[in-house]
Amino acid sequence: MTLKDLLAGGKAAMAEALAVLESSAEAGETVALLDQAFAAPLGHVIGVTGPPGVGKSTLLGALLPELRSAGRSVGVIAVDPSSRRSGGALLGDRLRLMTDPEDSGVFVRSMAARDRLGGLAELTVAGMLLMRAVYDVVLIETVGVGQSETDVAWVADTVIFCVQPGSGDSLQFMKAGITEIPDLAVVTKSDMESAQRSQADLRAALTHQRRNTGWKVPILPVAAQRGDGIAPLVAAIERHAAWLGDAGRLEQRRHTNARIWFAEALRTRFGREGVKRAEVIGCRLNLDRGDAPYERLADLSAAIAD
């Protein structure tokens, strides 16, 4: 399958491409498709992260109709805990997202975290690349493992960090450093009495951010089950996308993210000793602009195996 086939084939082609990705990730045709998708980004990637039970799936369920009503096509990756027995996705968030199966503009897929504490697996990145080349918006809901959940920062264009009232999550995550990663902060279940206190706690936590990007993280109250705050959240996403579009920020962010992902992929595939061997034999391990990352990984695999 080529990128042209993927673009023309609708939901069936995307389902087939993801199935092939899971079964034959290193096949030449799969590598070529992933590099084509990497070089042709279309959509804006939004990562939704936060602790278990904070309401990430409910938030996505409210975002979907809002985005569709604006004419945006949407791909969703719901990252679930892995089943210890099968290795597959355990919860199946796509079952909790109410979508119209006849709507060709929405595609939802669950993927297993495969025991990565950061909440994402390598296949999630590849799936994101395919969806990003096809859909206007890609939503990634992370597994929700807690303080270590920072992988999404080097996958998404916009990161939404969720906390719920009365949980104390904002202060806990300030200690863990996870407040370094969000571009937008959401207090879910904002119809609860303690919501305003949580907003204040989160605002205090975010003042400790060490990033100096020029973007001030907005804090948005949302009650997704009632639909409250969804329109302002979409507006904030659009403002951040516009901000990224100025001065080459989006291109730079995506290149930085790709370099981080590539380095992580090297360590995951080859281990520390494999990376050391690649360095000894003179392999170039960084990812430069214009590189085809999956072809590079295949070439490195061949070089290290020799």
# chains A, B, ... in the order shown; residues from 1 in each chain; ligands from 1

$ residues_around --residues "Gly227 of chain A" --least-positions-apart "4" --cutoff "10 Å" --atoms "only C-alpha atoms" --output "PDB file with N, CA and C atoms, in the first residue's frame"
ATOM      1  N   LEU A  59     -13.866  13.283  27.681  1.00  0.00           N
ATOM      2  CA  LEU A  59     -13.470  14.526  27.011  1.00  0.00           C
ATOM      3  C   LEU A  59     -13.347  14.314  25.508  1.00  0.00           C
ATOM      4  N   GLY A  61     -14.862  12.064  23.778  1.00  0.00           N
ATOM      5  CA  GLY A  61     -16.208  11.859  23.264  1.00  0.00           C
ATOM      6  C   GLY A  61     -16.955  13.158  23.037  1.00  0.00           C
ATOM      7  N   ALA A  62     -16.637  14.188  23.821  1.00  0.00           N
ATOM      8  CA  ALA A  62     -17.263  15.500  23.640  1.00  0.00           C
ATOM      9  C   ALA A  62     -16.557  16.315  22.559  1.00  0.00           C
ATOM     10  N   LEU A  63     -15.245  16.126  22.421  1.00  0.00           N
ATOM     11  CA  LEU A  63     -14.493  16.855  21.400  1.00  0.00           C
ATOM     12  C   LEU A  63     -14.856  16.402  19.987  1.00  0.00           C
ATOM     13  N   GLU A  66     -17.798  18.131  18.281  1.00  0.00           N
ATOM     14  CA  GLU A  66     -17.471  19.554  18.104  1.00  0.00           C
ATOM     15  C   GLU A  66     -16.554  19.737  16.898  1.00  0.00           C
ATOM     16  N   VAL A 222     -13.858  22.339  32.296  1.00  0.00           N
ATOM     17  CA  VAL A 222     -14.682  21.590  31.348  1.00  0.00           C
ATOM     18  C   VAL A 222     -15.537  20.585  32.111  1.00  0.00           C
ATOM     19  N   ALA A 223     -16.806  20.518  31.775  1.00  0.00           N
ATOM     20  CA  ALA A 223     -17.699  19.452  32.248  1.00  0.00           C
ATOM     21  C   ALA A 223     -18.192  18.733  30.998  1.00  0.00           C
ATOM     22  N   ALA A 231     -16.455  24.117  23.573  1.00  0.00           N
ATOM     23  CA  ALA A 231     -16.193  25.124  22.533  1.00  0.00           C
ATOM     24  C   ALA A 231     -14.981  25.994  22.887  1.00  0.00           C
TER      25      ALA A 231
END

$ select_by_dssp --residues "segment 150-290 of chain A" --states "helix (DSSP H, G or I)" --output "MDAnalysis selection string"
chainID A and resid 151:154 169:176 178:180 195:206 230:280

$ closest_residue --among "A:Arg296, A:Leu266, A:Val45, A:Asp35" --to "Ala126 of chain A" --atoms "only C-alpha atoms"
A:Asp35

$ atom_distance --atom1 "atom CA of Tyr135 of chain A" --atom2 "atom CA of Asp103 of chain A"
13.1 Å

$ closest_residue --among "A:Ile181, A:Met111, A:Val163, A:Ala27" --to "Ala195 of chain A" --atoms "only C-alpha atoms"
A:Val163
